[in-house]
file structure_8.txt (compact mmCIF, C-alpha atoms)
# COMPACT_ATOMS: atom_id res chain seq x y z
CA MET F 1 -28.02 108.72 2.03
CA GLU F 2 -30.13 111.08 4.16
CA ASN F 3 -33.49 109.65 3.09
CA VAL F 4 -34.53 106.13 3.99
CA ILE F 5 -34.17 103.76 1.04
CA LYS F 6 -36.72 100.93 1.04
CA ILE F 7 -35.54 97.62 -0.45
CA VAL F 8 -38.25 95.01 -1.02
CA VAL F 9 -37.18 91.40 -1.61
CA VAL F 10 -39.87 89.03 -2.88
CA GLY F 11 -39.19 85.35 -2.26
CA GLY F 12 -37.81 83.39 0.67
CA GLY F 13 -36.07 80.64 -1.27
CA TYR F 14 -32.31 80.16 -1.53
CA ALA F 15 -31.78 83.37 -3.51
CA GLY F 16 -34.00 85.46 -1.24
CA ILE F 17 -32.61 84.38 2.14
CA ASN F 18 -29.01 84.67 0.95
CA LEU F 19 -29.71 88.12 -0.47
CA ILE F 20 -31.09 89.51 2.78
CA GLU F 21 -28.16 87.95 4.62
CA SER F 22 -25.75 89.66 2.22
CA LEU F 23 -27.66 92.95 2.41
CA LYS F 24 -27.37 92.87 6.20
CA LYS F 25 -23.59 92.60 5.84
CA GLU F 26 -23.30 95.28 3.13
CA PHE F 27 -25.55 97.79 4.93
CA HIS F 28 -24.94 96.83 8.56
CA LYS F 29 -24.21 100.45 9.51
CA GLU F 30 -27.18 101.92 7.64
CA LEU F 31 -29.89 99.37 8.54
CA LYS F 32 -32.97 100.92 10.16
CA ARG F 33 -31.37 104.38 9.81
CA ASN F 34 -30.98 104.90 6.07
CA ILE F 35 -31.85 101.44 4.72
CA ARG F 36 -35.12 99.58 5.31
CA ILE F 37 -35.36 95.99 4.04
CA ILE F 38 -38.63 94.07 3.71
CA LEU F 39 -38.90 90.38 2.84
CA VAL F 40 -42.14 89.15 1.25
CA ASP F 41 -43.19 85.53 0.85
CA LYS F 42 -46.52 83.71 0.75
CA ASN F 43 -45.18 81.22 3.30
CA THR F 44 -43.82 81.88 6.78
CA PHE F 45 -40.90 79.51 6.22
CA HIS F 46 -37.97 78.75 3.95
CA PHE F 47 -38.15 75.24 2.49
CA LYS F 48 -34.95 73.26 1.94
CA LYS F 49 -35.96 72.12 -1.52
CA VAL F 50 -32.62 70.47 -2.38
CA LYS F 51 -33.25 67.98 0.44
CA LEU F 52 -36.77 67.10 -0.69
CA PHE F 53 -35.85 63.42 -1.17
CA LYS F 54 -35.27 63.26 2.60
CA GLY F 55 -39.06 63.29 2.86
CA ILE F 56 -39.07 59.78 1.41
CA VAL F 57 -36.61 58.21 3.82
CA ASN F 58 -37.59 60.13 6.98
CA GLU F 59 -40.98 60.11 8.61
CA ASN F 60 -40.32 63.38 10.42
CA VAL F 61 -39.33 66.16 8.02
CA SER F 62 -39.97 69.22 10.19
CA ASP F 63 -36.29 70.20 9.90
CA LEU F 64 -36.82 70.96 6.19
CA HIS F 65 -38.77 74.10 7.19
CA VAL F 66 -36.97 77.13 8.62
CA PRO F 67 -39.08 80.09 9.85
CA LEU F 68 -38.30 83.16 7.73
CA LYS F 69 -38.15 85.27 10.88
CA HIS F 70 -35.00 83.28 11.69
CA TYR F 71 -33.31 85.13 8.81
CA CYS F 72 -34.97 88.48 9.43
CA ARG F 73 -34.16 88.76 13.14
CA SER F 74 -34.92 92.28 14.35
CA VAL F 75 -33.43 94.19 11.43
CA ILE F 76 -35.49 92.87 8.49
CA GLU F 77 -39.27 93.26 8.24
CA PHE F 78 -41.35 90.32 7.04
CA ILE F 79 -44.71 90.43 5.27
CA GLN F 80 -46.59 87.24 4.49
CA GLY F 81 -48.36 87.47 1.16
CA GLU F 82 -48.09 86.79 -2.57
CA LEU F 83 -46.85 89.26 -5.18
CA THR F 84 -49.73 89.85 -7.62
CA ALA F 85 -48.74 93.03 -9.49
CA ILE F 86 -45.79 95.36 -10.09
CA ASN F 87 -46.27 99.05 -10.86
CA SER F 88 -42.81 100.16 -11.95
CA GLU F 89 -43.83 103.77 -12.66
CA GLU F 90 -45.42 104.30 -9.24
CA GLN F 91 -42.70 102.14 -7.64
CA ASN F 92 -45.02 99.91 -5.69
CA VAL F 93 -46.14 96.29 -5.65
CA LEU F 94 -49.44 94.65 -4.77
CA ILE F 95 -49.20 91.95 -2.12
CA THR F 96 -52.25 89.74 -1.59
CA ARG F 97 -52.59 88.32 1.90
CA GLU F 98 -54.03 84.93 2.82
CA ASP F 99 -57.32 86.62 3.82
CA GLU F 100 -57.42 88.18 0.30
CA SER F 101 -56.69 91.67 1.60
CA VAL F 102 -54.27 93.67 -0.57
CA ILE F 103 -51.22 95.67 0.52
CA HIS F 104 -49.78 98.44 -1.67
CA LEU F 105 -46.09 98.33 -0.81
CA ASP F 106 -43.81 101.13 -2.01
CA PHE F 107 -40.19 100.48 -2.89
CA ASP F 108 -37.04 102.27 -3.95
CA ARG F 109 -35.35 99.02 -4.97
CA LEU F 110 -37.24 95.80 -5.75
CA VAL F 111 -35.72 92.32 -6.04
CA LEU F 112 -37.63 89.38 -7.49
CA ALA F 113 -36.31 86.11 -6.10
CA LEU F 114 -39.31 84.06 -7.13
CA GLY F 115 -37.39 80.86 -7.67
CA SER F 116 -38.69 77.71 -9.30
CA VAL F 117 -41.04 74.80 -8.79
CA VAL F 118 -40.45 71.12 -9.39
CA ARG F 119 -41.64 69.86 -12.77
CA GLU F 120 -44.39 67.30 -12.54
CA ALA F 121 -44.87 64.47 -15.01
CA ASP F 122 -48.38 64.23 -16.45
CA PRO F 123 -50.37 62.13 -13.93
CA GLU F 124 -51.73 60.11 -16.85
CA ARG F 125 -48.21 58.76 -17.39
CA GLY F 126 -48.42 56.95 -14.06
CA GLY F 127 -45.89 56.89 -11.24
CA ILE F 128 -45.40 59.66 -8.70
CA SER F 129 -43.54 62.93 -9.24
CA LEU F 130 -41.27 63.99 -6.39
CA LYS F 131 -42.60 67.55 -6.26
CA GLY F 132 -43.18 68.30 -2.59
CA LEU F 133 -43.33 66.87 0.91
CA GLU F 134 -46.80 65.43 0.36
CA SER F 135 -45.63 63.47 -2.69
CA ALA F 136 -42.44 62.42 -0.87
CA GLN F 137 -44.46 60.96 1.99
CA CYS F 138 -46.78 59.28 -0.52
CA ILE F 139 -43.76 57.67 -2.20
CA ARG F 140 -42.49 56.56 1.21
CA GLN F 141 -45.79 54.89 2.07
CA GLN F 142 -46.02 53.19 -1.30
CA LEU F 143 -42.47 51.84 -1.04
CA LEU F 144 -43.10 50.43 2.43
CA GLU F 145 -46.34 48.77 1.33
CA LYS F 146 -44.72 47.27 -1.77
CA MET F 147 -41.73 46.07 0.26
CA LEU F 148 -43.95 44.19 2.72
CA SER F 149 -46.17 42.67 0.03
CA ALA F 150 -43.49 41.87 -2.60
CA LYS F 151 -43.09 38.13 -3.24
CA SER F 152 -39.81 38.64 -5.07
CA ASN F 153 -37.34 41.54 -5.39
CA LEU F 154 -38.66 45.05 -4.86
CA ARG F 155 -37.81 47.05 -7.97
CA VAL F 156 -37.84 50.85 -7.93
CA VAL F 157 -37.31 53.09 -10.96
CA ILE F 158 -36.11 56.69 -10.66
CA ALA F 159 -37.00 58.45 -13.92
CA GLY F 160 -34.64 61.40 -14.25
CA SER F 161 -30.89 61.46 -13.67
CA GLY F 162 -30.13 65.01 -12.60
CA ILE F 163 -28.58 65.57 -9.19
CA THR F 164 -31.98 65.16 -7.51
CA GLY F 165 -32.53 61.85 -9.30
CA ILE F 166 -29.06 60.58 -8.41
CA GLU F 167 -29.41 61.55 -4.76
CA THR F 168 -32.93 60.12 -4.57
CA ALA F 169 -31.79 56.79 -6.05
CA ALA F 170 -28.86 56.47 -3.63
CA GLU F 171 -30.81 57.57 -0.56
CA VAL F 172 -33.84 55.40 -1.32
CA GLY F 173 -31.64 52.39 -2.09
CA SER F 174 -29.78 52.70 1.21
CA TRP F 175 -32.97 53.23 3.22
CA LEU F 176 -34.82 50.32 1.61
CA LYS F 177 -31.96 47.94 2.32
CA GLU F 178 -32.16 48.85 6.00
CA GLU F 179 -35.93 48.45 6.01
CA THR F 180 -35.79 45.04 4.31
CA GLU F 181 -33.26 43.84 6.87
CA LYS F 182 -35.57 45.00 9.66
CA ALA F 183 -38.38 43.05 7.99
CA GLY F 184 -36.20 39.94 7.97
CA ARG F 185 -35.49 39.92 4.24
CA LYS F 186 -32.19 39.93 2.39
CA PRO F 187 -30.86 43.44 1.51
CA ASN F 188 -30.17 42.32 -2.07
CA SER F 189 -33.93 41.87 -2.53
CA VAL F 190 -34.07 45.57 -3.45
CA GLU F 191 -33.27 46.84 -6.96
CA VAL F 192 -33.05 50.53 -7.79
CA PHE F 193 -32.79 51.67 -11.42
CA LEU F 194 -31.74 55.19 -12.40
CA ILE F 195 -32.97 56.10 -15.89
CA ASN F 196 -30.86 58.57 -17.87
CA ASP F 197 -32.03 59.89 -21.24
CA LYS F 198 -28.49 60.93 -22.20
CA GLN F 199 -25.34 58.96 -23.02
CA ARG F 200 -23.81 59.38 -19.57
CA LEU F 201 -24.25 61.00 -16.16
CA LEU F 202 -23.21 64.59 -15.42
CA TYR F 203 -23.36 65.61 -19.06
CA GLY F 204 -21.91 69.04 -18.26
CA ALA F 205 -18.78 67.54 -16.71
CA PRO F 206 -15.95 65.59 -18.41
CA GLU F 207 -16.88 62.06 -19.47
CA LYS F 208 -14.46 60.44 -17.01
CA ILE F 209 -16.20 62.21 -14.11
CA GLY F 210 -19.57 60.80 -15.12
CA LYS F 211 -18.04 57.32 -15.29
CA ARG F 212 -16.50 57.67 -11.84
CA LEU F 213 -19.85 58.71 -10.42
CA GLN F 214 -21.56 55.74 -12.06
CA SER F 215 -18.96 53.39 -10.57
CA ARG F 216 -19.73 54.86 -7.16
CA LEU F 217 -23.46 54.33 -7.68
CA MET F 218 -22.86 50.73 -8.75
CA ARG F 219 -21.08 50.12 -5.43
CA HIS F 220 -24.40 50.98 -3.78
CA GLY F 221 -26.28 48.62 -6.06
CA ILE F 222 -27.80 51.37 -8.24
CA LYS F 223 -28.28 50.23 -11.83
CA VAL F 224 -27.97 53.04 -14.37
CA MET F 225 -29.66 52.81 -17.78
CA HIS F 226 -28.46 55.31 -20.41
CA ASN F 227 -30.15 56.57 -23.57
CA LYS F 228 -33.53 55.61 -22.19
CA LYS F 229 -36.54 57.88 -21.85
CA VAL F 230 -39.50 56.82 -19.73
CA GLU F 231 -42.82 57.39 -21.46
CA ARG F 232 -45.16 55.99 -18.81
CA PHE F 233 -45.61 53.56 -15.94
CA LEU F 234 -48.51 51.19 -16.43
CA ASP F 235 -49.58 47.87 -14.91
CA GLY F 236 -46.29 47.31 -13.10
CA LYS F 237 -44.15 48.12 -16.14
CA VAL F 238 -42.02 51.09 -17.13
CA ILE F 239 -42.50 51.69 -20.84
CA PHE F 240 -39.70 53.50 -22.67
CA SER F 241 -39.88 55.69 -25.76
CA ASP F 242 -38.29 52.90 -27.82
CA ASN F 243 -41.20 50.62 -26.77
CA THR F 244 -39.00 48.44 -24.57
CA GLU F 245 -40.26 47.66 -21.07
CA LEU F 246 -38.95 47.11 -17.55
CA LYS F 247 -40.95 45.50 -14.77
CA ALA F 248 -41.12 47.70 -11.67
CA ASP F 249 -43.08 48.06 -8.44
CA VAL F 250 -42.70 51.83 -8.06
CA CYS F 251 -41.79 54.61 -10.49
CA VAL F 252 -40.62 57.99 -9.16
CA TRP F 253 -40.25 60.97 -11.51
CA THR F 254 -37.45 63.48 -10.84
CA VAL F 255 -37.63 65.61 -13.97
CA GLY F 256 -36.07 68.91 -12.92
CA LEU F 257 -37.24 72.45 -12.28
CA LYS F 258 -39.13 75.21 -14.06
CA PRO F 259 -39.45 78.94 -13.26
CA HIS F 260 -42.20 79.78 -10.80
CA PRO F 261 -45.50 80.02 -12.76
CA SER F 262 -46.53 83.25 -10.99
CA ILE F 263 -43.95 85.06 -13.14
CA PHE F 264 -46.24 84.83 -16.18
CA ASP F 265 -48.85 87.07 -14.53
CA LEU F 266 -46.54 90.00 -13.79
CA GLY F 267 -46.16 91.46 -17.29
CA LEU F 268 -42.39 91.02 -17.42
CA SER F 269 -40.10 90.42 -20.39
CA LEU F 270 -39.57 86.65 -20.44
CA THR F 271 -37.72 84.02 -22.41
CA GLU F 272 -39.55 81.13 -24.09
CA GLU F 273 -38.77 79.04 -20.99
CA GLY F 274 -40.56 81.56 -18.80
CA LYS F 275 -37.44 83.07 -17.23
CA ILE F 276 -37.09 86.79 -16.51
CA LYS F 277 -34.66 88.57 -18.82
CA VAL F 278 -32.04 90.56 -16.91
CA ASP F 279 -28.82 92.35 -17.79
CA SER F 280 -25.36 91.68 -16.35
CA TRP F 281 -26.30 93.60 -13.18
CA TYR F 282 -29.50 91.54 -12.70
CA ARG F 283 -31.71 94.46 -13.70
CA LEU F 284 -34.94 93.87 -15.57
CA VAL F 285 -35.30 95.11 -19.14
CA LYS F 286 -35.68 98.93 -19.20
CA SER F 287 -35.39 99.19 -15.44
CA GLU F 288 -32.81 100.80 -13.18
CA ASN F 289 -34.20 99.79 -9.80
CA ILE F 290 -35.92 96.40 -10.28
CA TYR F 291 -33.68 93.34 -10.09
CA ALA F 292 -34.15 89.57 -10.25
CA ILE F 293 -31.94 86.65 -9.21
CA GLY F 294 -32.07 82.88 -8.79
CA ASP F 295 -33.81 80.11 -10.72
CA CYS F 296 -36.34 82.53 -12.21
CA ILE F 297 -33.85 84.50 -14.35
CA HIS F 298 -32.00 84.23 -17.63
CA VAL F 299 -28.58 85.83 -17.21
CA VAL F 300 -25.47 85.39 -19.35
CA ASP F 301 -21.87 85.66 -18.21
CA PRO F 302 -20.57 88.55 -20.37
CA ILE F 303 -17.10 86.99 -20.53
CA SER F 304 -17.75 83.29 -21.08
CA GLY F 305 -21.21 83.58 -22.67
CA THR F 306 -22.46 80.86 -20.28
CA VAL F 307 -26.10 80.95 -19.23
CA ALA F 308 -26.55 80.62 -15.46
CA ALA F 309 -27.86 77.25 -14.32
CA MET F 310 -30.83 76.70 -12.02
CA SER F 311 -29.02 75.71 -8.84
CA CYS F 312 -28.75 76.90 -5.26
CA LYS F 313 -25.01 77.55 -5.61
CA GLU F 314 -25.79 79.95 -8.50
CA ALA F 315 -28.52 81.57 -6.41
CA ILE F 316 -26.12 82.12 -3.50
CA SER F 317 -23.44 83.57 -5.77
CA GLN F 318 -25.94 85.91 -7.45
CA ALA F 319 -27.35 87.00 -4.09
CA GLN F 320 -23.93 87.93 -2.73
CA ARG F 321 -23.01 89.77 -5.91
CA LEU F 322 -26.34 91.61 -6.14
CA ALA F 323 -25.96 92.97 -2.59
CA GLN F 324 -22.65 94.50 -3.69
CA ILE F 325 -24.20 95.77 -6.93
CA MET F 326 -27.11 97.41 -5.11
CA LYS F 327 -24.75 99.10 -2.68
CA SER F 328 -22.71 100.44 -5.60
CA HIS F 329 -25.83 101.62 -7.48
CA ILE F 330 -27.21 103.38 -4.41
CA ARG F 331 -23.90 105.18 -3.87
CA GLY F 332 -23.50 105.94 -7.57
CA ASP F 333 -20.37 103.81 -7.91
CA GLN F 334 -19.40 101.42 -10.69
CA ALA F 335 -20.65 97.88 -10.01
CA SER F 336 -19.18 94.49 -10.90
CA VAL F 337 -21.14 92.26 -13.28
CA HIS F 338 -22.50 88.73 -13.13
CA GLN F 339 -20.06 85.83 -13.28
CA THR F 340 -20.97 82.17 -13.67
CA TYR F 341 -20.28 80.08 -10.59
CA PRO F 342 -17.09 77.96 -10.96
CA ASP F 343 -17.43 74.30 -11.96
CA LEU F 344 -18.40 72.45 -8.80
CA ILE F 345 -20.76 69.53 -8.21
CA CYS F 346 -21.60 68.07 -4.80
CA ILE F 347 -23.79 64.97 -4.66
CA GLY F 348 -24.99 62.96 -1.69
CA LEU F 349 -24.91 59.20 -2.18
CA GLY F 350 -26.78 58.09 0.90
CA PRO F 351 -26.04 58.65 4.58
CA LYS F 352 -22.36 57.67 4.47
CA ASP F 353 -21.11 58.54 1.00
CA GLY F 354 -20.84 61.48 -1.36
CA PHE F 355 -19.24 62.64 -4.59
CA VAL F 356 -17.60 66.02 -5.13
CA TRP F 357 -16.12 67.29 -8.39
CA ALA F 358 -14.44 70.64 -8.96
CA GLN F 359 -12.42 71.93 -11.87
CA LYS F 360 -9.75 74.60 -11.57
CA TRP F 361 -7.14 75.60 -14.14
CA GLY F 362 -8.36 72.72 -16.30
CA VAL F 363 -7.58 70.19 -13.58
CA ASP F 364 -10.27 67.88 -12.19
CA PHE F 365 -10.48 67.37 -8.44
CA VAL F 366 -12.65 64.48 -7.22
CA LEU F 367 -13.55 63.36 -3.71
CA SER F 368 -15.81 60.51 -2.64
CA GLY F 369 -16.68 58.68 0.54
CA LYS F 370 -17.40 60.06 3.98
CA LEU F 371 -15.44 63.28 3.48
CA ALA F 372 -17.39 64.06 0.31
CA GLU F 373 -20.62 63.36 2.20
CA LYS F 374 -19.55 65.83 4.89
CA ILE F 375 -18.82 68.44 2.21
CA ARG F 376 -22.24 67.86 0.68
CA GLU F 377 -23.90 68.26 4.07
CA TYR F 378 -21.89 71.45 4.58
CA THR F 379 -23.09 72.87 1.24
CA TRP F 380 -26.70 72.06 2.15
CA ASN F 381 -26.27 73.94 5.42
CA ILE F 382 -24.54 76.86 3.71
CA ALA F 383 -27.39 77.15 1.18
CA SER F 384 -29.97 77.51 3.93
CA ILE F 385 -27.65 79.54 6.18
CA ALA F 386 -27.90 76.95 8.94
CA ARG F 387 -25.97 77.74 12.09

call {"tool": "encode", "arguments": {"input": "structure_8.txt", "output": "structure tokens"}}
result
Amino acid sequence: MENVIKIVVVGGGYAGINLIESLKKEFHKELKRNIRIILVDKNTFHFKKVKLFKGIVNENVSDLHVPLKHYCRSVIEFIQGELTAINSEEQNVLITREDESVIHLDFDRLVLALGSVVREADPERGGISLKGLESAQCIRQQLLEKMLSAKSNLRVVIAGSGITGIETAAEVGSWLKEETEKAGRKPNSVEVFLINDKQRLLYGAPEKIGKRLQSRLMRHGIKVMHNKKVERFLDGKVIFSDNTELKADVCVWTVGLKPHPSIFDLGLSLTEEGKIKVDSWYRLVKSENIYAIGDCIHVVDPISGTVAAMSCKEAISQAQRLAQIMKSHIRGDQASVHQTYPDLICIGLGPKDGFVWAQKWGVDFVLSGKLAEKIREYTWNIASIAR
């Protein structure tokens, strides 16, 4: 490798920061001599998106932002700007800066780690979507106002029962009980409902695991409603698709993720869901030197046929594997292919509880309580490479 090889990584989310960390390890001897790595992101920070619900229960959320230079150190270059075009033939990308100036950035290897954004319920349906820190703080303010003005029980509905919805319900329930006690009210004056449109929680895990999780939630006073789909929140009532109703003071939508919308403007081969199509080595269709990883891609495990989920643990696994793949491709060696991340679910259930499920050799391993909460906190830190 006599010539300098320029690797451009676009995106400072979980996939992007873990990729540059893995690239530093794979190319530690060649960095700055034969390998040049550039990270591009429109923000100057990495945002801990999996802890977004913390913005509801904490007034100060500055710790959810980590400067991207923290990951770059002195060996990775950082350019702030947004990817607006890819010229695969000329091997360069167009990066638009905040002042609208444009950079033409050449590359030898390009990685798209564009990630995802939180889905937002149509504002006309009422309620508030937990989509960012601004909405989280808005939910916080609304909950506090309703708590102080409520003449009877404060009732909160979390519409969406994925991991974010579960963690939001547990965290909000625990926080509101503390706040009501501070206000001189009984802690049981708070009701939190978690609305699930399926038959049970954790639909991808065995049924008994979903039941164990629900039992844990019930211990925290969380009421789970199955086979219910929220249509709208209007005049203090949650209205379901079957036309039944539930009185509520606040409705919070946690309806999952979708690929970053900027992907649609790049002229790439996409699935109907808007995900980038890649092969088993994370390469784009008809490309040898452009890769993509993380929430923005559609990749299939060639052995199991499983489609990769949109999760930070998948992003970390793909990032580590891609660094090895890129090293093999640069050296002309045979590279290993994508593998789906093993069955593992870590869920926070408030400040002092958690739920961890793993499956190995067909055997289910379950932990709950303080130890599980510590494991969940550890996985959060691992995802953002916190030291």

call {"tool": "closest_atom_pairs", "arguments": {"input": "structure_8.txt", "of": "segment 315-344 of chain F", "to": "segment 350-360 of chain F", "cutoff": "10 Å", "atoms": "only C-alpha atoms", "output": "tab-separated table"}}
result
residue	atom	partner	partner_atom	distance
F:Pro342	CA	F:Gln359	CA	7.7
F:Asp343	CA	F:Gln359	CA	5.5
F:Leu344	CA	F:Ala358	CA	4.4

call {"tool": "residues_around", "arguments": {"input": "structure_8.txt", "residues": "Asp301 of chain F", "least_positions_apart": "2", "cutoff": "9 Å", "atoms": "only C-alpha atoms", "output": "list in words"}}
result
Ser280, Val299, Ile303, Ser304, Gly305, Thr306, Val307, Ala308, Val337, His338, Gln339 and Thr340 of chain F

call {"tool": "write_last_selection", "arguments": {"input": "structure_8.txt", "atoms": "C-alpha atoms", "output": "compact mmCIF listing (two decimals), in the coordinates of the input"}}
result
# COMPACT_ATOMS: atom_id res chain seq x y z
CA SER F 280 -25.36 91.68 -16.35
CA VAL F 299 -28.58 85.83 -17.21
CA ILE F 303 -17.10 86.99 -20.53
CA SER F 304 -17.75 83.29 -21.08
CA GLY F 305 -21.21 83.58 -22.67
CA THR F 306 -22.46 80.86 -20.28
CA VAL F 307 -26.10 80.95 -19.23
CA ALA F 308 -26.55 80.62 -15.46
CA VAL F 337 -21.14 92.26 -13.28
CA HIS F 338 -22.50 88.73 -13.13
CA GLN F 339 -20.06 85.83 -13.28
CA THR F 340 -20.97 82.17 -13.67

call {"tool": "closest_atom_pairs", "arguments": {"input": "structure_8.txt", "of": "segment 27-121 of chain F", "to": "segment 8-21 of chain F", "cutoff": "12 Å", "atoms": "all atoms listed in the file", "output": "JSON lines"}}
result
{"residue": "F:Phe27", "atom": "CA", "partner": "F:Glu21", "partner_atom": "CA", "distance": 10.2}
{"residue": "F:His28", "atom": "CA", "partner": "F:Glu21", "partner_atom": "CA", "distance": 10.2}
{"residue": "F:Leu31", "atom": "CA", "partner": "F:Ile20", "partner_atom": "CA", "distance": 11.5}
{"residue": "F:Ile35", "atom": "CA", "partner": "F:Val8", "partner_atom": "CA", "distance": 10.7}
{"residue": "F:Arg36", "atom": "CA", "partner": "F:Val8", "partner_atom": "CA", "distance": 8.4}
{"residue": "F:Ile37", "atom": "CA", "partner": "F:Val8", "partner_atom": "CA", "distance": 5.9}
{"residue": "F:Ile38", "atom": "CA", "partner": "F:Val8", "partner_atom": "CA", "distance": 4.8}
{"residue": "F:Leu39", "atom": "CA", "partner": "F:Val9", "partner_atom": "CA", "distance": 4.9}
{"residue": "F:Val40", "atom": "CA", "partner": "F:Val10", "partner_atom": "CA", "distance": 4.7}
{"residue": "F:Asp41", "atom": "CA", "partner": "F:Gly11", "partner_atom": "CA", "distance": 5.1}
{"residue": "F:Lys42", "atom": "CA", "partner": "F:Gly11", "partner_atom": "CA", "distance": 8.1}
{"residue": "F:Asn43", "atom": "CA", "partner": "F:Gly12", "partner_atom": "CA", "distance": 8.1}
{"residue": "F:Thr44", "atom": "CA", "partner": "F:Gly12", "partner_atom": "CA", "distance": 8.7}
{"residue": "F:Phe45", "atom": "CA", "partner": "F:Gly12", "partner_atom": "CA", "distance": 7.4}
{"residue": "F:His46", "atom": "CA", "partner": "F:Gly12", "partner_atom": "CA", "distance": 5.7}
{"residue": "F:Phe47", "atom": "CA", "partner": "F:Gly13", "partner_atom": "CA", "distance": 6.9}
{"residue": "F:Lys48", "atom": "CA", "partner": "F:Gly13", "partner_atom": "CA", "distance": 8.1}
{"residue": "F:Lys49", "atom": "CA", "partner": "F:Gly13", "partner_atom": "CA", "distance": 8.5}
{"residue": "F:Val50", "atom": "CA", "partner": "F:Tyr14", "partner_atom": "CA", "distance": 9.7}
{"residue": "F:His65", "atom": "CA", "partner": "F:Gly13", "partner_atom": "CA", "distance": 11.0}
{"residue": "F:Val66", "atom": "CA", "partner": "F:Gly12", "partner_atom": "CA", "distance": 10.2}
{"residue": "F:Pro67", "atom": "CA", "partner": "F:Gly12", "partner_atom": "CA", "distance": 9.8}
{"residue": "F:Leu68", "atom": "CA", "partner": "F:Gly12", "partner_atom": "CA", "distance": 7.1}
{"residue": "F:Lys69", "atom": "CA", "partner": "F:Ile17", "partner_atom": "CA", "distance": 10.4}
{"residue": "F:His70", "atom": "CA", "partner": "F:Ile17", "partner_atom": "CA", "distance": 9.9}
{"residue": "F:Tyr71", "atom": "CA", "partner": "F:Ile17", "partner_atom": "CA", "distance": 6.7}
{"residue": "F:Cys72", "atom": "CA", "partner": "F:Ile20", "partner_atom": "CA", "distance": 7.8}
{"residue": "F:Arg73", "atom": "CA", "partner": "F:Glu21", "partner_atom": "CA", "distance": 10.5}
{"residue": "F:Val75", "atom": "CA", "partner": "F:Ile20", "partner_atom": "CA", "distance": 10.1}
{"residue": "F:Ile76", "atom": "CA", "partner": "F:Ile20", "partner_atom": "CA", "distance": 8.0}
{"residue": "F:Glu77", "atom": "CA", "partner": "F:Val8", "partner_atom": "CA", "distance": 9.5}
{"residue": "F:Phe78", "atom": "CA", "partner": "F:Val9", "partner_atom": "CA", "distance": 9.7}
{"residue": "F:Ile79", "atom": "CA", "partner": "F:Val10", "partner_atom": "CA", "distance": 9.6}
{"residue": "F:Gln80", "atom": "CA", "partner": "F:Val10", "partner_atom": "CA", "distance": 10.1}
{"residue": "F:Gly81", "atom": "CA", "partner": "F:Val10", "partner_atom": "CA", "distance": 9.5}
{"residue": "F:Glu82", "atom": "CA", "partner": "F:Val10", "partner_atom": "CA", "distance": 8.5}
{"residue": "F:Leu83", "atom": "CA", "partner": "F:Val10", "partner_atom": "CA", "distance": 7.4}
{"residue": "F:Thr84", "atom": "CA", "partner": "F:Val10", "partner_atom": "CA", "distance": 11.0}
{"residue": "F:Ala85", "atom": "CA", "partner": "F:Val10", "partner_atom": "CA", "distance": 11.8}
{"residue": "F:Ile86", "atom": "CA", "partner": "F:Val10", "partner_atom": "CA", "distance": 11.3}
{"residue": "F:Gln91", "atom": "CA", "partner": "F:Val8", "partner_atom": "CA", "distance": 10.7}
{"residue": "F:Asn92", "atom": "CA", "partner": "F:Val8", "partner_atom": "CA", "distance": 9.6}
{"residue": "F:Val93", "atom": "CA", "partner": "F:Val8", "partner_atom": "CA", "distance": 9.2}
{"residue": "F:Leu94", "atom": "CA", "partner": "F:Val10", "partner_atom": "CA", "distance": 11.3}
{"residue": "F:Ile95", "atom": "CA", "partner": "F:Val10", "partner_atom": "CA", "distance": 9.8}
{"residue": "F:Leu105", "atom": "CA", "partner": "F:Val8", "partner_atom": "CA", "distance": 8.5}
{"residue": "F:Asp106", "atom": "CA", "partner": "F:Val8", "partner_atom": "CA", "distance": 8.3}
{"residue": "F:Phe107", "atom": "CA", "partner": "F:Val8", "partner_atom": "CA", "distance": 6.1}
{"residue": "F:Asp108", "atom": "CA", "partner": "F:Val8", "partner_atom": "CA", "distance": 7.9}
{"residue": "F:Arg109", "atom": "CA", "partner": "F:Val8", "partner_atom": "CA", "distance": 6.3}
{"residue": "F:Leu110", "atom": "CA", "partner": "F:Val8", "partner_atom": "CA", "distance": 4.9}
{"residue": "F:Val111", "atom": "CA", "partner": "F:Val9", "partner_atom": "CA", "distance": 4.8}
{"residue": "F:Leu112", "atom": "CA", "partner": "F:Val10", "partner_atom": "CA", "distance": 5.1}
{"residue": "F:Ala113", "atom": "CA", "partner": "F:Gly11", "partner_atom": "CA", "distance": 4.9}
{"residue": "F:Leu114", "atom": "CA", "partner": "F:Gly11", "partner_atom": "CA", "distance": 5.0}
{"residue": "F:Gly115", "atom": "CA", "partner": "F:Gly13", "partner_atom": "CA", "distance": 6.5}
{"residue": "F:Ser116", "atom": "CA", "partner": "F:Gly13", "partner_atom": "CA", "distance": 8.9}
{"residue": "F:Val117", "atom": "CA", "partner": "F:Gly13", "partner_atom": "CA", "distance": 10.7}

call {"tool": "atom_distance", "arguments": {"input": "structure_8.txt", "atom1": "atom CA of Lys229 of chain F", "atom2": "atom CA of Gln214 of chain F"}}
result
18.0 Å

call {"tool": "atom_distance", "arguments": {"input": "structure_8.txt", "atom1": "atom CA of Leu201 of chain F", "atom2": "atom CA of Gly256 of chain F"}}
result
14.6 Å

call {"tool": "closest_residue", "arguments": {"input": "structure_8.txt", "among": "F:Glu30, F:Glu181, F:Glu89, F:Asp99", "to": "Lys286 of chain F", "atoms": "only C-alpha atoms"}}
result
F:Glu89

call {"tool": "atom_distance", "arguments": {"input": "structure_8.txt", "atom1": "atom CA of Lys327 of chain F", "atom2": "atom CA of Asn87 of chain F"}}
result
23.0 Å
